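Heads up, upload_21.cif below (mmCIF, C-alpha atoms, pLDDT in the B column; chains and numbers go by the auth columns):
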data_start
#
loop_
_atom_site.group_PDB
_atom_site.id
_atom_site.type_symbol
_atom_site.label_atom_id
_atom_site.label_comp_id
_atom_site.label_asym_id
_atom_site.label_seq_id
_atom_site.Cartn_x
_atom_site.Cartn_y
_atom_site.Cartn_z
_atom_site.B_iso_or_equiv
_atom_site.auth_seq_id
_atom_site.auth_asym_id
ATOM 1 C CA MET A 1 -62.536 -82.361 76.974 63.00 12 I
ATOM 2 C CA ALA A 2 -64.662 -79.560 78.367 86.00 13 I
ATOM 3 C CA THR A 3 -63.924 -76.804 80.796 94.00 14 I
ATOM 4 C CA VAL A 4 -66.499 -74.571 82.426 97.00 15 I
ATOM 5 C CA ARG A 5 -65.381 -71.552 84.431 97.00 16 I
ATOM 6 C CA LEU A 6 -67.567 -69.542 86.742 98.00 17 I
ATOM 7 C CA SER A 7 -66.440 -66.546 88.718 98.00 18 I
ATOM 8 C CA PHE A 8 -68.725 -64.796 91.135 98.00 19 I
ATOM 9 C CA SER A 9 -68.684 -61.857 93.526 98.00 20 I
ATOM 10 C CA PRO A 10 -68.047 -63.147 97.054 97.00 21 I
ATOM 11 C CA ALA A 11 -71.671 -63.075 98.222 97.00 22 I
ATOM 12 C CA PRO A 12 -73.600 -65.955 99.824 96.00 23 I
ATOM 13 C CA VAL A 13 -76.438 -65.671 97.310 96.00 24 I
ATOM 14 C CA HIS A 14 -74.181 -66.876 94.485 97.00 25 I
ATOM 15 C CA VAL A 15 -73.054 -70.082 96.194 97.00 26 I
ATOM 16 C CA ARG A 16 -76.281 -71.781 95.160 97.00 27 I
ATOM 17 C CA THR A 17 -75.603 -70.874 91.528 97.00 28 I
ATOM 18 C CA ALA A 18 -72.145 -72.422 91.785 98.00 29 I
ATOM 19 C CA ARG A 19 -73.657 -75.622 93.209 97.00 30 I
ATOM 20 C CA LEU A 20 -76.222 -75.842 90.420 97.00 31 I
ATOM 21 C CA VAL A 21 -73.631 -75.303 87.691 97.00 32 I
ATOM 22 C CA GLY A 22 -71.215 -77.740 89.339 97.00 33 I
ATOM 23 C CA VAL A 23 -73.808 -80.502 89.456 97.00 34 I
ATOM 24 C CA ALA A 24 -74.996 -79.836 85.908 96.00 35 I
ATOM 25 C CA VAL A 25 -71.454 -80.142 84.558 96.00 36 I
ATOM 26 C CA ALA A 26 -70.815 -83.230 86.720 97.00 37 I
ATOM 27 C CA ARG A 27 -73.899 -84.936 85.327 96.00 38 I
ATOM 28 C CA ARG A 28 -72.861 -84.148 81.785 94.00 39 I
ATOM 29 C CA ALA A 29 -69.306 -85.339 82.495 95.00 40 I
ATOM 30 C CA GLY A 30 -70.628 -88.751 83.527 95.00 41 I
ATOM 31 C CA VAL A 31 -70.366 -88.651 87.318 96.00 42 I
ATOM 32 C CA ARG A 32 -72.611 -91.364 88.777 96.00 43 I
ATOM 33 C CA GLU A 33 -76.074 -90.178 89.769 95.00 44 I
ATOM 34 C CA ASP A 34 -75.667 -91.391 93.339 93.00 45 I
ATOM 35 C CA LEU A 35 -72.585 -89.179 93.772 94.00 46 I
ATOM 36 C CA LEU A 36 -74.265 -85.976 92.639 96.00 47 I
ATOM 37 C CA ASP A 37 -75.595 -85.075 96.106 94.00 48 I
ATOM 38 C CA GLU A 38 -72.043 -85.279 97.403 94.00 49 I
ATOM 39 C CA VAL A 39 -70.728 -83.198 94.496 97.00 50 I
ATOM 40 C CA ARG A 40 -73.359 -80.574 95.255 97.00 51 I
ATOM 41 C CA LEU A 41 -72.521 -80.480 98.938 97.00 52 I
ATOM 42 C CA ALA A 42 -68.754 -80.415 98.436 97.00 53 I
ATOM 43 C CA ILE A 43 -68.804 -77.620 95.851 98.00 54 I
ATOM 44 C CA GLY A 44 -71.131 -75.686 98.143 97.00 55 I
ATOM 45 C CA GLU A 45 -68.812 -76.121 101.116 96.00 56 I
ATOM 46 C CA ALA A 46 -65.725 -75.090 99.152 96.00 57 I
ATOM 47 C CA CYS A 47 -67.504 -71.986 97.811 97.00 58 I
ATOM 48 C CA THR A 48 -68.962 -71.119 101.222 95.00 59 I
ATOM 49 C CA ARG A 49 -65.472 -71.287 102.682 92.00 60 I
ATOM 50 C CA ALA A 50 -64.111 -69.035 99.917 94.00 61 I
ATOM 51 C CA VAL A 51 -66.908 -66.478 100.325 95.00 62 I
ATOM 52 C CA ALA A 52 -66.406 -66.404 104.104 92.00 63 I
ATOM 53 C CA LEU A 53 -62.672 -65.782 103.686 91.00 64 I
ATOM 54 C CA HIS A 54 -63.179 -63.025 101.106 94.00 65 I
ATOM 55 C CA ARG A 55 -65.598 -61.281 103.427 93.00 66 I
ATOM 56 C CA GLN A 56 -63.401 -61.778 106.465 90.00 67 I
ATOM 57 C CA TYR A 57 -60.394 -60.242 104.690 92.00 68 I
ATOM 58 C CA GLN A 58 -62.467 -57.750 102.683 95.00 69 I
ATOM 59 C CA VAL A 59 -61.324 -59.159 99.361 95.00 70 I
ATOM 60 C CA ALA A 60 -63.659 -57.885 96.627 96.00 71 I
ATOM 61 C CA GLU A 61 -62.178 -60.060 93.882 96.00 72 I
ATOM 62 C CA PRO A 62 -64.406 -62.834 92.594 98.00 73 I
ATOM 63 C CA VAL A 63 -64.232 -66.456 93.675 97.00 74 I
ATOM 64 C CA LEU A 64 -63.306 -68.745 90.795 98.00 75 I
ATOM 65 C CA VAL A 65 -64.820 -72.166 90.184 98.00 76 I
ATOM 66 C CA GLU A 66 -63.328 -74.190 87.365 98.00 77 I
ATOM 67 C CA MET A 67 -64.802 -77.511 86.302 98.00 78 I
ATOM 68 C CA SER A 68 -63.100 -79.879 83.913 97.00 79 I
ATOM 69 C CA ASP A 69 -63.895 -83.378 82.679 92.00 80 I
ATOM 70 C CA THR A 70 -60.484 -84.274 81.351 87.00 81 I
ATOM 71 C CA GLY A 71 -60.119 -87.878 82.493 87.00 82 I
ATOM 72 C CA ALA A 72 -62.104 -87.483 85.676 95.00 83 I
ATOM 73 C CA TYR A 73 -64.405 -84.687 86.827 97.00 84 I
ATOM 74 C CA SER A 74 -62.316 -82.107 88.640 97.00 85 I
ATOM 75 C CA VAL A 75 -63.441 -78.924 90.328 98.00 86 I
ATOM 76 C CA ARG A 76 -61.134 -76.154 91.514 97.00 87 I
ATOM 77 C CA VAL A 77 -62.456 -73.492 93.855 97.00 88 I
ATOM 78 C CA VAL A 78 -59.985 -70.628 94.135 97.00 89 I
ATOM 79 C CA ASP A 79 -60.074 -67.869 96.735 95.00 90 I
ATOM 80 C CA ARG A 80 -57.783 -64.848 97.040 94.00 91 I
ATOM 81 C CA ALA A 81 -57.621 -64.566 100.818 91.00 92 I
ATOM 82 C CA PRO A 82 -54.187 -63.834 102.334 88.00 93 I
ATOM 83 C CA ILE A 83 -53.890 -66.951 104.464 80.00 94 I
ATOM 84 C CA GLU A 84 -51.968 -70.184 104.289 71.00 95 I
ATOM 85 C CA ALA A 85 -54.669 -72.809 104.427 62.00 96 I
ATOM 86 C CA SER A 86 -54.326 -76.533 104.427 56.00 97 I
ATOM 87 C CA ILE A 87 -56.517 -79.507 105.045 51.00 98 I
ATOM 88 C CA GLY A 88 -54.597 -80.171 108.256 49.00 99 I
ATOM 89 C CA LEU A 89 -57.490 -78.998 110.378 56.00 100 I
ATOM 90 C CA ALA A 90 -58.602 -81.940 112.494 59.00 101 I
ATOM 91 C CA ALA A 91 -62.265 -82.850 112.503 67.00 102 I
ATOM 92 C CA LEU A 92 -64.037 -81.838 115.681 77.00 103 I
ATOM 93 C CA ASP A 93 -65.334 -84.626 117.856 80.00 104 I
ATOM 94 C CA ALA A 94 -68.758 -84.680 119.505 79.00 105 I
ATOM 95 C CA ASP A 95 -67.497 -83.216 122.796 82.00 106 I
ATOM 96 C CA GLN A 96 -65.829 -80.317 121.024 82.00 107 I
ATOM 97 C CA LEU A 97 -68.906 -79.680 118.888 83.00 108 I
ATOM 98 C CA ALA A 98 -71.130 -79.494 121.945 81.00 109 I
ATOM 99 C CA ASN A 99 -68.670 -77.352 123.920 82.00 110 I
ATOM 100 C CA GLU A 100 -70.241 -74.068 124.969 78.00 111 I
ATOM 101 C CA SER A 101 -67.084 -72.067 124.255 80.00 112 I
ATOM 102 C CA LEU A 102 -66.909 -73.036 120.576 83.00 113 I
ATOM 103 C CA ASP A 103 -68.464 -70.173 118.611 84.00 114 I
ATOM 104 C CA GLU A 104 -70.722 -70.721 115.629 84.00 115 I
ATOM 105 C CA ASP A 105 -68.205 -69.536 113.011 84.00 116 I
ATOM 106 C CA ASP A 106 -65.483 -71.887 114.236 84.00 117 I
ATOM 107 C CA LEU A 107 -67.974 -74.711 114.444 87.00 118 I
ATOM 108 C CA THR A 108 -69.178 -74.053 110.906 88.00 119 I
ATOM 109 C CA THR A 109 -65.587 -74.008 109.614 86.00 120 I
ATOM 110 C CA GLY A 110 -64.777 -77.299 111.334 87.00 121 I
ATOM 111 C CA VAL A 111 -67.975 -78.931 110.150 91.00 122 I
ATOM 112 C CA GLY A 112 -67.376 -77.650 106.606 91.00 123 I
ATOM 113 C CA PHE A 113 -63.939 -79.259 106.496 89.00 124 I
ATOM 114 C CA ALA A 114 -65.350 -82.485 107.932 90.00 125 I
ATOM 115 C CA LEU A 115 -67.916 -82.558 105.122 93.00 126 I
ATOM 116 C CA LEU A 116 -65.305 -81.878 102.435 92.00 127 I
ATOM 117 C CA ALA A 117 -62.966 -84.547 103.800 90.00 128 I
ATOM 118 C CA GLY A 118 -65.838 -86.973 104.323 91.00 129 I
ATOM 119 C CA PHE A 119 -67.443 -86.601 100.928 92.00 130 I
ATOM 120 C CA VAL A 120 -64.442 -86.106 98.632 94.00 131 I
ATOM 121 C CA GLU A 121 -61.999 -88.980 98.386 89.00 132 I
ATOM 122 C CA ASP A 122 -59.606 -87.058 96.160 94.00 133 I
ATOM 123 C CA LEU A 123 -59.253 -83.676 97.887 94.00 134 I
ATOM 124 C CA GLN A 124 -56.355 -81.229 97.872 93.00 135 I
ATOM 125 C CA VAL A 125 -56.083 -77.855 99.565 91.00 136 I
ATOM 126 C CA ARG A 126 -53.003 -75.896 98.534 91.00 137 I
ATOM 127 C CA PRO A 127 -51.750 -72.351 97.922 91.00 138 I
ATOM 128 C CA VAL A 128 -52.430 -70.984 94.440 92.00 139 I
ATOM 129 C CA GLU A 129 -49.445 -71.004 92.095 90.00 140 I
ATOM 130 C CA GLU A 130 -49.491 -67.258 91.496 89.00 141 I
ATOM 131 C CA GLY A 131 -50.341 -64.531 93.992 90.00 142 I
ATOM 132 C CA VAL A 132 -52.178 -65.074 97.242 92.00 143 I
ATOM 133 C CA GLY A 133 -55.012 -67.466 97.860 93.00 144 I
ATOM 134 C CA THR A 134 -55.918 -71.094 98.196 92.00 145 I
ATOM 135 C CA GLU A 135 -57.145 -73.686 95.762 94.00 146 I
ATOM 136 C CA VAL A 136 -59.489 -76.441 96.887 95.00 147 I
ATOM 137 C CA ARG A 137 -59.306 -79.209 94.286 96.00 148 I
ATOM 138 C CA MET A 138 -61.818 -82.047 94.238 97.00 149 I
ATOM 139 C CA VAL A 139 -61.909 -84.960 91.828 97.00 150 I
ATOM 140 C CA TRP A 140 -64.644 -87.519 91.187 96.00 151 I
ATOM 141 C CA PRO A 141 -64.514 -90.540 88.881 95.00 152 I
ATOM 142 C CA VAL A 142 -66.620 -90.591 85.734 94.00 153 I
ATOM 143 C CA SER A 143 -68.108 -93.506 83.842 87.00 154 I
ATOM 144 C CA ARG A 144 -68.508 -93.098 80.137 72.00 155 I
ATOM 145 C CA MET B 1 -85.817 -74.189 96.207 66.00 24 X
ATOM 146 C CA GLU B 2 -86.164 -71.296 98.636 87.00 25 X
ATOM 147 C CA LEU B 3 -86.186 -71.767 102.374 95.00 26 X
ATOM 148 C CA SER B 4 -89.612 -72.247 103.950 97.00 27 X
ATOM 149 C CA LEU B 5 -90.325 -71.989 107.662 98.00 28 X
ATOM 150 C CA ALA B 6 -93.581 -72.847 109.447 98.00 29 X
ATOM 151 C CA THR B 7 -94.156 -73.021 113.175 97.00 30 X
ATOM 152 C CA ARG B 8 -96.809 -74.889 115.129 96.00 31 X
ATOM 153 C CA ALA B 9 -97.336 -75.699 118.778 95.00 32 X
ATOM 154 C CA VAL B 10 -97.807 -79.293 119.907 94.00 33 X
ATOM 155 C CA GLY B 11 -98.455 -79.301 123.633 92.00 34 X
ATOM 156 C CA GLU B 12 -95.461 -77.669 125.257 93.00 35 X
ATOM 157 C CA HIS B 13 -93.350 -78.267 122.161 96.00 36 X
ATOM 158 C CA THR B 14 -92.746 -75.804 119.391 98.00 37 X
ATOM 159 C CA VAL B 15 -92.326 -77.558 116.059 98.00 38 X
ATOM 160 C CA LEU B 16 -90.484 -75.637 113.345 98.00 39 X
ATOM 161 C CA GLU B 17 -90.976 -77.203 109.916 98.00 40 X
ATOM 162 C CA VAL B 18 -88.132 -76.336 107.578 98.00 41 X
ATOM 163 C CA GLY B 19 -88.236 -76.874 103.835 98.00 42 X
ATOM 164 C CA GLY B 20 -86.029 -76.173 100.833 97.00 43 X
ATOM 165 C CA GLU B 21 -82.343 -75.319 100.973 97.00 44 X
ATOM 166 C CA VAL B 22 -80.546 -74.345 104.153 98.00 45 X
ATOM 167 C CA ASP B 23 -77.226 -72.868 103.096 96.00 46 X
ATOM 168 C CA VAL B 24 -74.905 -69.911 103.631 96.00 47 X
ATOM 169 C CA TYR B 25 -77.505 -67.593 102.074 96.00 48 X
ATOM 170 C CA THR B 26 -80.660 -68.826 103.803 97.00 49 X
ATOM 171 C CA ALA B 27 -79.268 -69.982 107.181 97.00 50 X
ATOM 172 C CA PRO B 28 -79.431 -66.466 108.695 96.00 51 X
ATOM 173 C CA ARG B 29 -83.238 -66.579 108.305 97.00 52 X
ATOM 174 C CA LEU B 30 -83.360 -69.907 110.110 98.00 53 X
ATOM 175 C CA ARG B 31 -81.168 -68.451 112.875 97.00 54 X
ATOM 176 C CA GLU B 32 -83.460 -65.429 113.209 98.00 55 X
ATOM 177 C CA ARG B 33 -86.575 -67.578 113.464 98.00 56 X
ATOM 178 C CA LEU B 34 -85.032 -69.856 116.088 98.00 57 X
ATOM 179 C CA LEU B 35 -83.898 -66.855 118.127 97.00 58 X
ATOM 180 C CA GLU B 36 -87.382 -65.334 117.895 97.00 59 X
ATOM 181 C CA LEU B 37 -88.897 -68.568 119.170 98.00 60 X
ATOM 182 C CA ILE B 38 -86.424 -68.940 122.022 97.00 61 X
ATOM 183 C CA ASP B 39 -86.591 -65.264 122.989 96.00 62 X
ATOM 184 C CA GLY B 40 -90.369 -65.586 122.832 96.00 63 X
ATOM 185 C CA GLY B 41 -90.270 -68.262 125.511 96.00 64 X
ATOM 186 C CA ALA B 42 -90.167 -71.532 123.551 97.00 65 X
ATOM 187 C CA ARG B 43 -88.185 -74.025 125.614 96.00 66 X
ATOM 188 C CA HIS B 44 -88.853 -77.357 123.905 97.00 67 X
ATOM 189 C CA VAL B 45 -88.115 -76.939 120.228 98.00 68 X
ATOM 190 C CA VAL B 46 -88.352 -79.622 117.556 98.00 69 X
ATOM 191 C CA VAL B 47 -86.959 -78.776 114.121 98.00 70 X
ATOM 192 C CA ASP B 48 -88.509 -80.942 111.420 98.00 71 X
ATOM 193 C CA LEU B 49 -86.084 -81.297 108.502 98.00 72 X
ATOM 194 C CA GLY B 50 -88.451 -83.553 106.558 97.00 73 X
ATOM 195 C CA ARG B 51 -88.776 -81.179 103.617 97.00 74 X
ATOM 196 C CA VAL B 52 -85.178 -79.995 103.550 97.00 75 X
ATOM 197 C CA ASP B 53 -83.395 -80.978 100.355 94.00 76 X
ATOM 198 C CA PHE B 54 -80.070 -79.317 101.052 96.00 77 X
ATOM 199 C CA LEU B 55 -78.244 -78.635 104.322 97.00 78 X
ATOM 200 C CA ASP B 56 -74.695 -77.305 104.610 96.00 79 X
ATOM 201 C CA SER B 57 -72.238 -76.479 107.387 95.00 80 X
ATOM 202 C CA THR B 58 -73.747 -73.031 107.899 96.00 81 X
ATOM 203 C CA GLY B 59 -77.157 -74.565 108.563 97.00 82 X
ATOM 204 C CA LEU B 60 -75.627 -77.130 110.899 97.00 83 X
ATOM 205 C CA GLY B 61 -73.902 -74.299 112.774 95.00 84 X
ATOM 206 C CA VAL B 62 -77.233 -72.545 113.269 97.00 85 X
ATOM 207 C CA LEU B 63 -78.825 -75.739 114.603 97.00 86 X
ATOM 208 C CA VAL B 64 -75.973 -76.315 117.055 96.00 87 X
ATOM 209 C CA GLY B 65 -76.306 -72.697 118.192 95.00 88 X
ATOM 210 C CA ALA B 66 -79.986 -73.229 118.966 96.00 89 X
ATOM 211 C CA LEU B 67 -79.248 -76.488 120.795 96.00 90 X
ATOM 212 C CA LYS B 68 -76.692 -74.796 123.037 95.00 91 X
ATOM 213 C CA ARG B 69 -78.930 -71.804 123.712 95.00 92 X
ATOM 214 C CA LEU B 70 -81.845 -74.020 124.729 96.00 93 X
ATOM 215 C CA ARG B 71 -79.717 -76.234 126.925 94.00 94 X
ATOM 216 C CA ALA B 72 -78.363 -73.169 128.694 93.00 95 X
ATOM 217 C CA ALA B 73 -81.973 -72.069 129.286 94.00 96 X
ATOM 218 C CA GLY B 74 -82.944 -75.457 130.685 95.00 97 X
ATOM 219 C CA GLY B 75 -84.871 -76.428 127.560 96.00 98 X
ATOM 220 C CA SER B 76 -84.585 -79.146 124.949 96.00 99 X
ATOM 221 C CA PHE B 77 -83.891 -79.304 121.244 97.00 100 X
ATOM 222 C CA ALA B 78 -84.543 -82.191 118.881 97.00 101 X
ATOM 223 C CA LEU B 79 -84.318 -82.785 115.149 98.00 102 X
ATOM 224 C CA VAL B 80 -86.626 -84.814 112.944 98.00 103 X
ATOM 225 C CA CYS B 81 -84.816 -86.346 110.004 97.00 104 X
ATOM 226 C CA ALA B 82 -85.405 -89.575 108.120 95.00 105 X
ATOM 227 C CA LYS B 83 -83.625 -88.871 104.838 94.00 106 X
ATOM 228 C CA GLU B 84 -80.473 -90.909 104.376 93.00 107 X
ATOM 229 C CA PRO B 85 -78.462 -88.183 102.579 92.00 108 X
ATOM 230 C CA LEU B 86 -79.062 -85.799 105.488 95.00 109 X
ATOM 231 C CA LEU B 87 -78.401 -88.495 108.090 96.00 110 X
ATOM 232 C CA LYS B 88 -75.078 -89.166 106.394 95.00 111 X
ATOM 233 C CA ILE B 89 -74.152 -85.502 106.875 96.00 112 X
ATOM 234 C CA PHE B 90 -74.853 -85.819 110.602 97.00 113 X
ATOM 235 C CA ARG B 91 -72.774 -89.002 110.830 96.00 114 X
ATOM 236 C CA ILE B 92 -69.788 -87.612 108.917 94.00 115 X
ATOM 237 C CA THR B 93 -69.642 -84.519 111.102 94.00 116 X
ATOM 238 C CA ALA B 94 -70.223 -86.482 114.355 93.00 117 X
ATOM 239 C CA LEU B 95 -73.243 -84.263 114.948 95.00 118 X
ATOM 240 C CA ASP B 96 -75.390 -87.405 115.194 96.00 119 X
ATOM 241 C CA GLN B 97 -73.813 -87.703 118.656 95.00 120 X
ATOM 242 C CA VAL B 98 -74.710 -84.123 119.534 95.00 121 X
ATOM 243 C CA PHE B 99 -78.334 -83.829 118.395 96.00 122 X
ATOM 244 C CA PRO B 100 -81.239 -85.966 119.544 96.00 123 X
ATOM 245 C CA LEU B 101 -82.411 -87.224 116.105 97.00 124 X
ATOM 246 C CA PHE B 102 -85.836 -88.749 115.531 97.00 125 X
ATOM 247 C CA PRO B 103 -87.492 -90.237 112.452 96.00 126 X
ATOM 248 C CA THR B 104 -90.852 -88.526 113.077 96.00 127 X
ATOM 249 C CA VAL B 105 -92.256 -85.523 114.936 95.00 128 X
ATOM 250 C CA ASP B 106 -94.343 -87.878 117.069 94.00 129 X
ATOM 251 C CA ALA B 107 -91.217 -89.694 118.181 95.00 130 X
ATOM 252 C CA ALA B 108 -89.507 -86.387 118.954 95.00 131 X
ATOM 253 C CA ILE B 109 -92.309 -84.969 121.066 93.00 132 X
ATOM 254 C CA GLY B 110 -92.975 -88.304 122.742 85.00 133 X
ATOM 255 C CA VAL B 111 -89.750 -87.855 124.630 56.00 134 X
ATOM 256 C CA ASP B 112 -89.964 -86.506 128.153 53.00 135 X
ATOM 257 C CA PRO B 113 -89.040 -82.841 127.648 49.00 136 X
ATOM 258 C CA ALA B 114 -87.127 -82.798 130.905 52.00 137 X
ATOM 259 C CA GLY B 115 -84.817 -85.484 129.576 51.00 138 X
ATOM 260 C CA ALA B 116 -84.581 -84.657 125.896 47.00 139 X
ATOM 261 C CA GLY B 117 -81.351 -83.150 124.752 48.00 140 X
ATOM 262 C CA ALA B 118 -79.883 -83.211 128.221 42.00 141 X
#
Kindly return the structure encoded in the file as C-alpha cells.
Amino acid sequence: MATVRLSFSPAPVHVRTARLVGVAVARRAGVREDLLDEVRLAIGEACTRAVALHRQYQVAEPVLVEMSDTGAYSVRVVDRAPIEASIGLAALDADQLANESLDEDDLTTGVGFALLAGFVEDLQVRPVEEGVGTEVRMVWPVSR
Amino acid sequence: MELSLATRAVGEHTVLEVGGEVDVYTAPRLRERLLELIDGGARHVVVDLGRVDFLDSTGLGVLVGALKRLRAAGGSFALVCAKEPLLKIFRITALDQVFPLFPTVDAAIGVDPAGAGA
C-alpha cells in the first residue's frame, strides 16, 4: 500500500503539478497506460474546480489531493469551500452550450463536470466528513 | 509543456496555431490572444489544435467564448483537431456539435467563410 498526499495553495499554476504527480503515482500503481490520459484530465478537472471554488469564496487554505493504491488507484481532491456540492449537475446539451446567455464560467463548470462524469466510471462527490468542503473521489482499476 | 501561440494569415482566414497545454493556468493567454485577433478585425478564425497535448474545461470555455463572439460579429470560427484523445473530449462534452471541427487547416479554410460556423 502507498499513499501520496499533495496540498497546494489554491492557484491555477499548481494544478499542472497535481496532474503530473497524479499520473506518476497512477503509473506506478499499475493503472493501464491507455487510461493515463483520462486520469490526467480528471485530476486536472477536479483540482481546477477546487481552485475556482477557493478563489470564489476567498478560501486561502490549501487544496488537498490524496492518492492511494490500496486495492485500486483512488484519488481524493478535497476543497474547503462553503457549499453543498453534488454530482447532480446535468450535463449541458449542444443547444445550451451554444446559447449566448450562458457565460464562460458556467459553461466551464458544466463542461468540467461532463468531463469528470464521462472519464471516471467510479466517481463520487460528497461533503467532507469534518468541517466544510467537498471531496471528489475517483477510482481507477489497476492491473498488477 | 508551456503554451505556444503562433498566428498566420491564410487569405481572409486567421490561423492560430496552439501548442502545449491549455489549462486553467494558460487559458487566459489563449483568451487574450483570441480577443486581440477579433478586436483587431479578424472575422474568420481557425484555431489549429494539432500541437496541443492537453486541453481542459477552461480551455474549452475560452474556445466557446471566441466562437460566440465571432458569430455575433458575423464571422466564423473553426477548429482543427485530428487527435483521438482530444476528439473524445469534444464528444463527451457535446461540443463536437457546437464547433465546426476539421482534420486539417486546409479542410477548415476550404469552407465557404460565409457558411462556416453559422
Exercise for the section: Would you kindly translate the PyMOL selection byres ((chain I) within 9 of (chain X)) into the concrete residues it picks from this file, as a PyMOL selection string? Expected result: chain I and resi 22-27+48-49+51-52+55-56+59+102-106+108-111+114-126+129-130
Handout entry: For CA of Val70 in chain X and CA of Val103 in chain X, the interatomic separation in Å (one decimal)
Key =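 CA of Val103 in chain X lies 6.2 Å from CA of Val70 in chain X.
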Practice task
List the neighbours of Thr127 in chain X out to 10 Å using only C-alpha atoms; skip same-chain residues closer than 3 positions along the sequence, and give me the result as a list of chain:residue names.
Solution key: X:Asp71, X:Leu72, X:Gly73, X:Leu102, X:Val103, X:Cys104, X:Ala105, X:Leu124, X:Ala130, X:Ala131, X:Ile132, X:Gly133
Exercise for the section: Report as a PyMOL selection string the residues that result from applying the PyMOL selection byres ((chain I and resi 135-140) around 12) to the structure here. Expected result: chain I and resi 57+60-61+75+85-100+124+127-128+131-134+141-150
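CA of Val69 in chain X is positioned 7.5 Å from CA of Val128 in chain X.
In this structure, CA of Pro152 in chain I sits 11.1 Å away from CA of Val50 in chain I.
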Fill in the blank from the handout: One residue among I:Leu47, I:Ala35, I:Val42, I:Val62 is nearest to Val74 in chain I when using all atoms listed in the file, and that residue is I:Val62
Practice task
Please write the residues picked by the PyMOL selection byres ((chain X and resi 57-62) around 12) on this file as a PyMOL selection string.
Solution key: chain X and resi 28-32+36-41+50-56+63-70+82+85-100
Practice task
Neighbourhood query: residues within 6 Å of (-67.6, -83.8, 87.2), file coordinates, counting only C-alpha atoms; return as a PyMOL selection string.
Solution key: chain I and resi 36-37+40+42+80+84-85
With N, CA and C atoms as the goal, would you fill in the gaps in range 51-65 of chain I and present it as a short mmCIF file (atom, residue, chain, number, x, y, z; two decimals), in the coordinates of the input?
data_model
loop_
_atom_site.label_atom_id
_atom_site.label_comp_id
_atom_site.auth_asym_id
_atom_site.auth_seq_id
_atom_site.Cartn_x
_atom_site.Cartn_y
_atom_site.Cartn_z
N ARG I 51 -72.65 -81.82 94.95
CA ARG I 51 -73.36 -80.57 95.26
C ARG I 51 -72.93 -80.02 96.62
N LEU I 52 -72.89 -80.92 97.60
CA LEU I 52 -72.52 -80.48 98.94
C LEU I 52 -71.08 -80.00 98.99
N ALA I 53 -70.18 -80.75 98.36
CA ALA I 53 -68.75 -80.42 98.44
C ALA I 53 -68.45 -79.10 97.73
N ILE I 54 -69.03 -78.88 96.56
CA ILE I 54 -68.80 -77.62 95.85
C ILE I 54 -69.38 -76.47 96.68
N GLY I 55 -70.53 -76.70 97.28
CA GLY I 55 -71.13 -75.69 98.14
C GLY I 55 -70.23 -75.35 99.33
N GLU I 56 -69.68 -76.37 99.96
CA GLU I 56 -68.81 -76.12 101.12
C GLU I 56 -67.55 -75.36 100.70
N ALA I 57 -66.96 -75.76 99.60
CA ALA I 57 -65.72 -75.09 99.15
C ALA I 57 -66.02 -73.62 98.81
N CYS I 58 -67.15 -73.37 98.17
CA CYS I 58 -67.50 -71.99 97.81
C CYS I 58 -67.88 -71.17 99.05
N THR I 59 -68.59 -71.80 99.98
CA THR I 59 -68.96 -71.12 101.22
C THR I 59 -67.71 -70.68 101.98
N ARG I 60 -66.74 -71.60 102.02
CA ARG I 60 -65.47 -71.29 102.68
C ARG I 60 -64.79 -70.10 102.00
N ALA I 61 -64.77 -70.11 100.66
CA ALA I 61 -64.11 -69.04 99.92
C ALA I 61 -64.82 -67.69 100.15
N VAL I 62 -66.14 -67.71 100.11
CA VAL I 62 -66.91 -66.48 100.32
C VAL I 62 -66.64 -65.93 101.74
N ALA I 63 -66.64 -66.84 102.71
CA ALA I 63 -66.41 -66.40 104.10
C ALA I 63 -65.03 -65.76 104.24
N LEU I 64 -64.03 -66.34 103.60
CA LEU I 64 -62.67 -65.78 103.69
C LEU I 64 -62.58 -64.43 102.99
N HIS I 65 -63.20 -64.31 101.82
CA HIS I 65 -63.18 -63.02 101.11
C HIS I 65 -63.84 -61.94 101.94
#
